[in-house]
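**Q** Below is the file work.pdb, with PDB, C-alpha atoms.
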MODEL        1
ATOM      1  CA  MET Y 492       0.000   0.000   0.000
ATOM      2  CA  ALA Y 493       1.431   3.340  -1.072
ATOM      3  CA  ASN Y 494       1.847   6.141   1.434
ATOM      4  CA  ILE Y 495       2.322   9.883   1.069
ATOM      5  CA  ALA Y 496       6.072   9.696   1.731
ATOM      6  CA  GLU Y 497       6.494   7.289  -1.198
ATOM      7  CA  ILE Y 498       4.206   9.469  -3.311
ATOM      8  CA  ALA Y 499       6.448  12.456  -2.526
ATOM      9  CA  LYS Y 500       9.497  10.577  -3.807
ATOM     10  CA  LEU Y 501       7.666   9.614  -7.011
ATOM     11  CA  VAL Y 502       6.382  13.142  -7.506
ATOM     12  CA  LEU Y 503       9.926  14.459  -7.231
ATOM     13  CA  GLU Y 504      11.227  11.881  -9.728
ATOM     14  CA  ARG Y 505       8.480  12.588 -12.273
ATOM     15  CA  THR Y 506       8.914  16.336 -11.813
ATOM     16  CA  GLN Y 507      12.666  16.028 -12.390
ATOM     17  CA  GLU Y 508      11.892  14.083 -15.562
ATOM     18  CA  GLY Y 509       9.555  16.891 -16.650
ATOM     19  CA  ARG Y 510       6.592  14.539 -16.769
ATOM     20  CA  LEU Y 511       4.264  16.501 -14.501
ATOM     21  CA  ALA Y 512       2.438  19.533 -15.864
ATOM     22  CA  TRP Y 513       2.474  21.890 -12.882
ATOM     23  CA  GLU Y 514       0.146  24.865 -12.961
ATOM     24  CA  ALA Y 515      -0.077  27.951 -10.791
ATOM     25  CA  THR Y 516      -3.154  28.149  -8.569
ATOM     26  CA  ALA Y 517      -5.139  30.962  -7.040
ATOM     27  CA  GLY Y 518      -3.007  30.534  -3.931
ATOM     28  CA  GLU Y 519       0.307  32.315  -3.695
ATOM     29  CA  ASN Y 520       3.201  29.868  -3.690
ATOM     30  CA  SER Y 521       0.959  26.955  -4.491
ATOM     31  CA  TYR Y 522       1.193  24.742  -7.578
ATOM     32  CA  LEU Y 523      -1.023  21.949  -8.797
ATOM     33  CA  ALA Y 524      -0.573  18.964 -11.094
ATOM     34  CA  THR Y 525      -3.594  16.877 -12.021
ATOM     35  CA  LEU Y 526      -3.057  13.264 -13.064
ATOM     36  CA  GLY Y 527      -6.199  11.355 -13.937
ATOM     37  CA  ASN Y 528      -8.478  11.325 -10.910
ATOM     38  CA  GLN Y 529      -6.025  12.762  -8.400
ATOM     39  CA  SER Y 530      -4.125  15.996  -8.129
ATOM     40  CA  VAL Y 531      -1.035  16.849  -6.150
ATOM     41  CA  ARG Y 532      -0.429  20.284  -4.718
ATOM     42  CA  ILE Y 533       2.836  21.616  -3.458
ATOM     43  CA  SER Y 534       2.834  24.821  -1.476
ATOM     44  CA  ARG Y 535       5.138  26.917   0.650
ATOM     45  CA  GLY Y 536       4.118  28.781   3.759
ATOM     46  CA  TYR Y 537       5.948  30.004   6.820
ATOM     47  CA  ASP Y 538       5.905  28.584  10.315
ATOM     48  CA  GLY Y 539       5.175  31.944  11.940
ATOM     49  CA  MET Y 540       7.874  31.353  14.578
ATOM     50  CA  GLU Y 541      10.644  33.783  15.321
ATOM     51  CA  SER Y 542      12.796  32.581  12.450
ATOM     52  CA  ASN Y 543       9.731  32.411  10.160
ATOM     53  CA  ALA Y 544      11.149  29.329   8.472
ATOM     54  CA  PRO Y 545       9.515  28.096   5.274
ATOM     55  CA  VAL Y 546       7.211  25.100   5.570
ATOM     56  CA  TYR Y 547       6.584  23.015   2.474
ATOM     57  CA  SER Y 548       3.468  20.973   2.126
ATOM     58  CA  LEU Y 549       2.514  18.292  -0.364
ATOM     59  CA  SER Y 550      -1.165  17.375  -0.596
ATOM     60  CA  VAL Y 551      -3.036  14.752  -2.538
ATOM     61  CA  LEU Y 552      -6.486  15.842  -3.722
ATOM     62  CA  ASN Y 553      -9.261  13.566  -4.936
ATOM     63  CA  LYS Y 554     -11.256  14.064  -8.133
ATOM     64  CA  ASP Y 555     -13.465  16.614  -6.379
ATOM     65  CA  GLY Y 556     -10.448  18.642  -5.336
ATOM     66  CA  LEU Y 557     -10.699  17.635  -1.682
ATOM     67  CA  GLU Y 558      -7.460  17.151   0.220
ATOM     68  CA  ILE Y 559      -7.221  13.531   1.252
ATOM     69  CA  GLU Y 560      -3.602  13.334   2.415
ATOM     70  CA  ASN Y 561      -0.849  15.729   3.320
ATOM     71  CA  LEU Y 562       2.832  15.722   4.115
ATOM     72  CA  SER Y 563       4.644  18.775   5.430
ATOM     73  CA  THR Y 564       8.275  19.465   6.094
ATOM     74  CA  PRO Y 565       8.653  18.583   9.756
ATOM     75  CA  ILE Y 566       8.929  21.384  12.248
ATOM     76  CA  GLY Y 567      11.393  19.912  14.706
ATOM     77  CA  GLU Y 568      12.942  16.503  15.088
ATOM     78  CA  TRP Y 569      10.012  15.075  17.038
ATOM     79  CA  MET Y 570       7.677  15.631  14.092
ATOM     80  CA  LYS Y 571      10.205  14.104  11.702
ATOM     81  CA  ALA Y 572      10.431  11.027  13.884
ATOM     82  CA  LEU Y 573       6.644  10.866  14.134
ATOM     83  CA  GLN Y 574       6.207  11.067  10.366
ATOM     84  CA  GLU Y 575       8.844   8.430   9.697
ATOM     85  CA  ARG Y 576       7.185   6.167  12.204
ATOM     86  CA  ALA Y 577       3.760   6.764  10.687
ATOM     87  CA  PHE Y 578       4.843   6.143   7.118
ATOM     88  CA  ALA Y 579       7.660   3.678   7.853
ATOM     89  CA  THR Y 580       9.599   5.519   5.162
ATOM     90  CA  PRO Y 581      12.609   7.766   5.713
ATOM     91  CA  ILE Y 582      11.771  11.235   4.404
ATOM     92  CA  ASP Y 583      14.552  13.256   2.849
ATOM     93  CA  LYS Y 584      14.248  16.817   4.147
ATOM     94  CA  ASN Y 585      15.021  18.159   0.667
ATOM     95  CA  THR Y 586      12.238  16.309  -1.162
ATOM     96  CA  LEU Y 587       9.424  18.814  -0.665
ATOM     97  CA  PRO Y 588      11.529  21.972  -1.192
ATOM     98  CA  MET Y 589      12.902  20.404  -4.389
ATOM     99  CA  ILE Y 590       9.406  19.589  -5.649
ATOM    100  CA  PHE Y 591       8.321  23.147  -4.878
ATOM    101  CA  LEU Y 592      11.269  24.680  -6.678
ATOM    102  CA  LEU Y 593      10.843  22.543  -9.779
ATOM    103  CA  ALA Y 594       7.035  22.859  -9.834
ATOM    104  CA  ARG Y 595       7.318  26.632  -9.624
ATOM    105  CA  ARG Y 596       9.847  26.712 -12.461
ATOM    106  CA  ARG Y 597       7.606  24.524 -14.600
ATOM    107  CA  ALA Y 598       4.380  26.402 -13.837
ATOM    108  CA  LEU Y 599       5.922  29.799 -14.469
ATOM    109  CA  GLU Y 600       7.898  28.508 -17.469
ATOM    110  CA  VAL Y 601      11.047  29.979 -15.974
ATOM    111  CA  ASP Y 602      13.434  28.276 -18.420
ATOM    112  CA  LYS Y 603      11.492  29.534 -21.429
ATOM    113  CA  GLU Y 604      11.322  33.045 -20.040
ATOM    114  CA  LEU Y 605      15.049  33.099 -19.292
ATOM    115  CA  ASP Y 606      15.878  31.803 -22.776
ATOM    116  CA  GLU Y 607      13.764  34.556 -24.291
ATOM    117  CA  LEU Y 608      15.370  37.167 -22.096
ATOM    118  CA  ALA Y 609      18.850  35.891 -22.983
ATOM    119  CA  LYS Y 610      18.017  36.215 -26.688
ATOM    120  CA  VAL Y 611      16.753  39.754 -26.239
ATOM    121  CA  LEU Y 612      19.805  40.718 -24.190
ATOM    122  CA  SER Y 613      22.188  39.150 -26.679
ATOM    123  CA  ALA Y 614      20.575  41.023 -29.553
ATOM    124  CA  ARG Y 615      21.011  44.412 -27.876
TER
ATOM    125  CA  MET Z 145     -41.406 -45.201 -66.006
ATOM    126  CA  LEU Z 146     -45.027 -44.973 -64.883
ATOM    127  CA  GLU Z 147     -44.655 -48.386 -63.381
ATOM    128  CA  TRP Z 148     -41.581 -47.254 -61.459
ATOM    129  CA  LEU Z 149     -43.391 -44.147 -60.251
ATOM    130  CA  ARG Z 150     -46.339 -46.154 -59.097
ATOM    131  CA  GLU Z 151     -44.073 -48.408 -57.064
ATOM    132  CA  ASN Z 152     -41.926 -45.632 -55.545
ATOM    133  CA  TRP Z 153     -44.327 -42.728 -55.100
ATOM    134  CA  VAL Z 154     -44.203 -43.102 -51.343
ATOM    135  CA  ASN Z 155     -40.390 -42.830 -51.339
ATOM    136  CA  LEU Z 156     -40.543 -39.905 -53.734
ATOM    137  CA  LEU Z 157     -42.994 -38.085 -51.498
ATOM    138  CA  GLY Z 158     -40.704 -38.756 -48.565
ATOM    139  CA  LEU Z 159     -37.731 -37.376 -50.481
ATOM    140  CA  LEU Z 160     -39.710 -34.334 -51.598
ATOM    141  CA  SER Z 161     -40.879 -33.735 -48.062
ATOM    142  CA  PHE Z 162     -37.250 -33.990 -46.843
ATOM    143  CA  VAL Z 163     -36.093 -31.483 -49.459
ATOM    144  CA  LEU Z 164     -38.926 -29.098 -48.555
ATOM    145  CA  THR Z 165     -38.041 -29.423 -44.871
ATOM    146  CA  LEU Z 166     -34.419 -28.525 -45.666
ATOM    147  CA  VAL Z 167     -35.533 -25.523 -47.729
ATOM    148  CA  GLY Z 168     -37.885 -24.437 -44.922
ATOM    149  CA  LEU Z 169     -35.104 -24.782 -42.382
ATOM    150  CA  GLY Z 170     -32.790 -22.762 -44.611
ATOM    151  CA  ILE Z 171     -35.401 -20.001 -44.962
ATOM    152  CA  ALA Z 172     -35.980 -20.016 -41.198
ATOM    153  CA  LEU Z 173     -32.223 -19.730 -40.564
ATOM    154  CA  VAL Z 174     -31.947 -16.806 -42.983
ATOM    155  CA  GLN Z 175     -34.890 -15.104 -41.241
ATOM    156  CA  VAL Z 176     -33.361 -15.641 -37.801
ATOM    157  CA  ARG Z 177     -30.070 -14.240 -39.019
ATOM    158  CA  LYS Z 178     -31.785 -11.228 -40.560
ATOM    159  CA  ALA Z 179     -33.740 -10.631 -37.372
ATOM    160  CA  ARG Z 180     -30.566 -10.879 -35.268
ATOM    161  CA  THR Z 181     -28.702  -8.482 -37.555
ATOM    162  CA  ALA Z 182     -31.620  -6.067 -37.396
ATOM    163  CA  ALA Z 183     -31.763  -6.361 -33.592
ATOM    164  CA  GLU Z 184     -28.012  -5.844 -33.349
ATOM    165  CA  ALA Z 185     -28.212  -2.855 -35.669
ATOM    166  CA  ALA Z 186     -31.064  -1.420 -33.623
ATOM    167  CA  GLY Z 187     -29.061  -2.008 -30.432
ATOM    168  CA  GLU Z 188     -25.995  -0.320 -31.906
ATOM    169  CA  ALA Z 189     -28.097   2.592 -33.125
ATOM    170  CA  ALA Z 190     -29.638   2.981 -29.675
ATOM    171  CA  LYS Z 191     -26.177   2.888 -28.083
ATOM    172  CA  ALA Z 192     -24.839   5.461 -30.535
ATOM    173  CA  THR Z 193     -27.840   7.721 -29.889
ATOM    174  CA  GLN Z 194     -27.370   7.383 -26.131
ATOM    175  CA  GLU Z 195     -23.684   8.214 -26.481
ATOM    176  CA  ALA Z 196     -24.376  11.223 -28.710
ATOM    177  CA  LEU Z 197     -26.958  12.461 -26.223
ATOM    178  CA  ALA Z 198     -24.558  12.025 -23.285
ATOM    179  CA  LYS Z 199     -21.839  13.841 -25.192
ATOM    180  CA  SER Z 200     -24.128  16.730 -26.068
ATOM    181  CA  LEU Z 201     -25.238  16.993 -22.412
ATOM    182  CA  THR Z 202     -21.584  17.111 -21.344
ATOM    183  CA  ILE Z 203     -20.914  19.809 -23.926
ATOM    184  CA  GLY Z 204     -23.911  21.715 -22.541
ATOM    185  CA  ASP Z 205     -22.569  21.404 -18.993
ATOM    186  CA  LEU Z 206     -19.144  22.610 -20.044
ATOM    187  CA  LYS Z 207     -20.622  25.601 -21.865
ATOM    188  CA  ASN Z 208     -22.664  26.357 -18.769
ATOM    189  CA  ALA Z 209     -19.485  26.215 -16.629
ATOM    190  CA  ILE Z 210     -17.730  28.569 -19.069
ATOM    191  CA  ALA Z 211     -20.624  31.037 -18.824
ATOM    192  CA  LEU Z 212     -20.523  30.836 -15.002
ATOM    193  CA  LEU Z 213     -16.763  31.442 -15.024
ATOM    194  CA  GLU Z 214     -17.386  34.549 -17.108
ATOM    195  CA  LYS Z 215     -19.929  35.691 -14.509
ATOM    196  CA  VAL Z 216     -17.433  35.033 -11.677
ATOM    197  CA  LYS Z 217     -14.796  37.050 -13.530
ATOM    198  CA  SER Z 218     -17.150  40.013 -13.731
ATOM    199  CA  TYR Z 219     -17.864  39.752  -9.974
ATOM    200  CA  HIS Z 220     -14.137  39.655  -9.273
ATOM    201  CA  ARG Z 221     -13.559  42.700 -11.451
ATOM    202  CA  ALA Z 222     -16.318  44.517  -9.573
ATOM    203  CA  ASP Z 223     -14.791  43.463  -6.221
ATOM    204  CA  LYS Z 224     -17.948  41.530  -5.328
ATOM    205  CA  TRP Z 225     -16.066  38.690  -3.674
ATOM    206  CA  GLU Z 226     -18.915  37.615  -1.394
ATOM    207  CA  VAL Z 227     -21.142  37.138  -4.435
ATOM    208  CA  ALA Z 228     -18.417  35.524  -6.512
ATOM    209  CA  ILE Z 229     -17.616  32.882  -3.920
ATOM    210  CA  GLU Z 230     -21.237  31.692  -4.000
ATOM    211  CA  TRP Z 231     -20.640  30.558  -7.588
ATOM    212  CA  TYR Z 232     -17.508  28.479  -7.018
ATOM    213  CA  GLN Z 233     -19.341  25.434  -5.717
ATOM    214  CA  PRO Z 234     -22.015  25.441  -8.483
ATOM    215  CA  ILE Z 235     -19.229  25.597 -11.075
ATOM    216  CA  ARG Z 236     -17.566  22.577  -9.462
ATOM    217  CA  ALA Z 237     -20.916  20.768  -9.456
ATOM    218  CA  VAL Z 238     -21.523  21.518 -13.138
ATOM    219  CA  LEU Z 239     -18.037  20.249 -13.980
ATOM    220  CA  ALA Z 240     -18.632  17.087 -11.940
ATOM    221  CA  ASP Z 241     -21.888  16.558 -13.880
ATOM    222  CA  ALA Z 242     -20.048  17.041 -17.157
ATOM    223  CA  ARG Z 243     -17.546  14.393 -16.083
ATOM    224  CA  ALA Z 244     -20.202  11.932 -14.965
ATOM    225  CA  ARG Z 245     -22.631  12.244 -17.854
ATOM    226  CA  TYR Z 246     -20.383  11.055 -20.667
ATOM    227  CA  PRO Z 247     -18.349   7.940 -19.847
ATOM    228  CA  GLY Z 248     -16.705   8.178 -23.271
ATOM    229  CA  LEU Z 249     -14.452  11.030 -22.152
ATOM    230  CA  GLU Z 250     -10.809  10.321 -22.861
ATOM    231  CA  GLN Z 251      -8.331  10.202 -19.988
ATOM    232  CA  GLU Z 252      -6.890  13.608 -20.863
ATOM    233  CA  GLN Z 253     -10.361  15.137 -21.148
ATOM    234  CA  THR Z 254     -11.298  13.805 -17.697
ATOM    235  CA  ARG Z 255      -8.005  15.150 -16.380
ATOM    236  CA  GLN Z 256      -8.813  18.605 -17.752
ATOM    237  CA  ILE Z 257     -12.173  18.612 -15.955
ATOM    238  CA  ASN Z 258     -10.614  17.331 -12.718
ATOM    239  CA  ALA Z 259      -7.953  20.036 -12.930
ATOM    240  CA  GLY Z 260     -10.708  22.650 -13.302
ATOM    241  CA  ILE Z 261     -12.522  21.294 -10.247
ATOM    242  CA  ALA Z 262      -9.323  21.239  -8.160
ATOM    243  CA  GLN Z 263      -8.393  24.777  -9.237
ATOM    244  CA  MET Z 264     -11.869  26.071  -8.387
ATOM    245  CA  ARG Z 265     -11.632  24.534  -4.920
ATOM    246  CA  GLU Z 266      -8.213  26.130  -4.400
ATOM    247  CA  MET Z 267      -9.663  29.461  -5.443
ATOM    248  CA  GLY Z 268     -12.563  28.989  -3.032
ATOM    249  CA  ASN Z 269     -10.133  28.316  -0.169
ATOM    250  CA  VAL Z 270      -8.078  31.407  -0.956
ATOM    251  CA  VAL Z 271     -11.071  33.749  -1.255
ATOM    252  CA  GLU Z 272     -12.770  32.217   1.787
ATOM    253  CA  GLN Z 273      -9.642  32.803   3.855
ATOM    254  CA  ALA Z 274      -9.396  36.393   2.624
ATOM    255  CA  LEU Z 275     -13.075  36.937   3.471
ATOM    256  CA  ARG Z 276     -12.613  35.512   6.959
ATOM    257  CA  SER Z 277      -9.570  37.628   7.673
ATOM    258  CA  GLY Z 278     -11.203  40.720   6.183
ATOM    259  CA  GLN Z 279      -8.339  41.145   3.734
ATOM    260  CA  LEU Z 280     -10.180  41.879   0.539
ATOM    261  CA  PRO Z 281      -9.387  41.814  -2.280
ATOM    262  CA  PRO Z 282      -7.152  38.766  -1.791
ATOM    263  CA  SER Z 283      -3.472  39.534  -2.178
ATOM    264  CA  ASN Z 284      -3.141  37.333  -5.251
ATOM    265  CA  VAL Z 285      -5.850  38.968  -7.400
ATOM    266  CA  GLY Z 286      -3.714  38.723 -10.535
ATOM    267  CA  GLY Z 287      -3.074  35.038  -9.927
ATOM    268  CA  ILE Z 288      -6.784  34.400  -9.381
ATOM    269  CA  ALA Z 289      -7.726  36.109 -12.651
ATOM    270  CA  GLU Z 290      -5.029  34.187 -14.484
ATOM    271  CA  CYS Z 291      -6.258  30.965 -12.967
ATOM    272  CA  LEU Z 292      -9.849  31.626 -14.054
ATOM    273  CA  ASN Z 293      -8.703  32.433 -17.580
ATOM    274  CA  SER Z 294      -6.656  29.272 -17.687
ATOM    275  CA  ILE Z 295      -9.597  27.088 -16.536
ATOM    276  CA  GLN Z 296     -11.855  28.786 -19.068
ATOM    277  CA  ALA Z 297      -9.378  28.281 -21.910
ATOM    278  CA  SER Z 298      -8.951  24.640 -20.999
ATOM    279  CA  LEU Z 299     -12.740  24.056 -20.937
ATOM    280  CA  GLU Z 300     -13.195  25.891 -24.230
ATOM    281  CA  SER Z 301     -10.609  23.676 -25.872
ATOM    282  CA  LEU Z 302     -12.351  20.633 -24.388
ATOM    283  CA  VAL Z 303     -15.723  21.745 -25.799
ATOM    284  CA  SER Z 304     -14.135  22.267 -29.167
ATOM    285  CA  ASP Z 305     -12.553  18.775 -29.064
ATOM    286  CA  LEU Z 306     -15.867  17.168 -28.129
ATOM    287  CA  GLN Z 307     -17.771  19.087 -30.787
ATOM    288  CA  MET Z 308     -15.294  18.016 -33.444
ATOM    289  CA  THR Z 309     -15.879  14.378 -32.616
ATOM    290  CA  GLN Z 310     -19.623  14.776 -32.062
ATOM    291  CA  SER Z 311     -20.639  13.347 -35.414
ATOM    292  CA  ARG Z 312     -17.823  10.829 -35.449
ATOM    293  CA  PRO Z 313     -18.419   7.473 -33.779
ATOM    294  CA  ARG Z 314     -16.030   6.669 -30.955
ATOM    295  CA  GLY Z 315     -13.593   3.826 -31.436
TER
ENDMDL
END
As structure tokens, please, write out the structure in this file.
**A**
Amino acid sequence: MANIAEIAKLVLERTQEGRLAWEATAGENSYLATLGNQSVRISRGYDGMESNAPVYSLSVLNKDGLEIENLSTPIGEWMKALQERAFATPIDKNTLPMIFLLARRRALEVDKELDELAKVLSAR
Amino acid sequence: MLEWLRENWVNLLGLLSFVLTLVGLGIALVQVRKARTAAEAAGEAAKATQEALAKSLTIGDLKNAIALLEKVKSYHRADKWEVAIEWYQPIRAVLADARARYPGLEQEQTRQINAGIAQMREMGNVVEQALRSGQLPPSNVGGIAECLNSIQASLESLVSDLQMTQSRPRG
């Protein structure tokens, strides 16, 4: 039986391969990829603590857009241990930030925009 | 010859009766086959009609969703967020109907509808949160407008795809 931690790994792999069509959403810093009957959403928020550290969150939505599962970057070691125990899968702390970074680049077509800009700059 | 006929007329009648039975059986088989072909054709025609009807209902739903999105856009432009948010759920419901009505939707077409539903729910969450916190308009107004346009464009392309194949049997 698959769990959200395994899904996160697969999402990262497919995103790195460029096989997920990420789209921007109405939410700031939130990107969505729909695959068949499910969608995955990656978003970045802040923990609101003194350091205001970023918190990344990966959600799985059903065909009606309802969130059915969620994985967030752990705030503190205790939460990391709890998650790993719950999912019986070691979670790389870089997985969600990497997904976010790549999803954002894909949704905003960053590479294409930079290529265009480079052409314009070179022609000047 | 007459003598031979007189002696064998019973056998001849038997033979004739056998031949007639075979012919009758042949005719009956042809009739059964014709009837089956006609029934099959009628069944196929009924199925095709049902499918065409389902497809046209889905197209109708999608056009309805596009019109509602247009309405939502005008509410957003007029800063009527409380009114706009009332339409998010009906749009999702219309899209869910469109998805359910026509089982012949291709995987990518279903995905497009599901993406629209998911995006509408995201939008609902964002606007709801902004309403609750009294921070209107939401900070990401540009992103919301872009998102609505993107859903609308995707649904319009889906309608166009479905209309193109409307007269063409699926297969």
**Q** With a distance cut-off of 12 Å and only C-alpha atoms, select the neighbouring residues of Y:Glu568, excluding the residue or stretch itself and same-chain residues fewer than 6 positions from it, and output the selection as a list in words.
**A**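 So, after excluding close chain neighbours, the residues are Gln574, Glu575, Ile582 and Lys584 of chain Y.
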**Q** For a test of reading the model, state the distance in Å between atom CA of Y:Leu587 and atom CA of Y:Gly539, rounded to one decimal.
**A** 18.7 Å
**Q** Could you list, as a PyMOL selection string, every residue within 10 Å of stretch 505-510 of chain Y, counting only C-alpha atoms and ignoring same-chain residues fewer than 6 positions away?
**A** chain Y and resi 499+524+589-591+593-594+597
**Q** If we count all atoms listed in the file, what is near Z:Leu206 at a cut-off of 8 Å, once residues fewer than 3 positions away on the same chain are taken out, given as a PyMOL selection string?
**A** chain Z and resi 202-203+209-210+238-239+242+299-300+303
**Q** So what do you get for atom CA of Z:Val176 versus atom CA of Z:Phe162, distance-wise?
**A**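 Spanning atom CA of Z:Val176 to atom CA of Z:Phe162 is a straight-line distance of 20.8 Å.
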**Q** List the residues matched by the ChimeraX specification (/Y :<7) & /Z in the displayed structure as a ChimeraX atom specification, ordered by chain and then by residue number.
**A** /Z:251,254-255,258-259,261-263,265-267,270,284,287-288,291
**Q** Which residue, Y:Pro581, Y:Lys571, Y:Ser548, Y:Thr564, has the smallest gap to Y:Glu497 when you use only C-alpha atoms?
**A**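 For Y:Glu497, the nearest of the candidates is Y:Pro581.
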**Q** List, as a ChimeraX atom specification, every residue that the PyMOL selection byres ((chain Y and resi 494) around 12) selects in the file provided.
**A** /Y:492-493,495-501,550-551,559-562,574-575,577-582
**Q** Find the residue from Z:Thr181, Z:Glu290, Z:Gln307, Z:Ala196 that sits nearest to Z:His220; use only C-alpha atoms when measuring.
**A** Z:Glu290
**Q** Work out how far apart atom CA of Y:Leu549 and atom CA of Y:Pro588 are and give it in Å to one decimal.
**A**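 About the pair atom CA of Y:Leu549 and atom CA of Y:Pro588: they are 9.8 Å apart.
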**Q** From the list Z:Gln194, Z:Arg243, Z:Leu249, Z:Trp231, which residue is nearest Z:Met264 when using all atoms listed in the file?
**A**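 Closest residue, counting all atoms listed in the file: Z:Trp231.
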**Q** So, counting all atoms listed in the file, which residue among Z:Ser200, Z:Gln279, Z:Gln256, Z:Gln233 is closest to Z:Leu306?
**A**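 That would be Z:Ser200, the residue with the smallest distance to Z:Leu306.
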**Q** Please return, as a VMD selection string, all polymer residues that have at least one atom within 10 Å of the point (-9.9, 38.6, -7.5); use only C-alpha atoms and the file's own coordinate frame.
**A** (chain Y and resid 517) or (chain Z and resid 216 to 225 228 267 270 to 271 280 to 290 292)
**Q** With distances taken over all atoms listed in the file, which of Z:Leu160, Z:Ile295, Z:Met145, Z:Leu302 is nearest to Z:Gly204?
**A** Z:Leu302
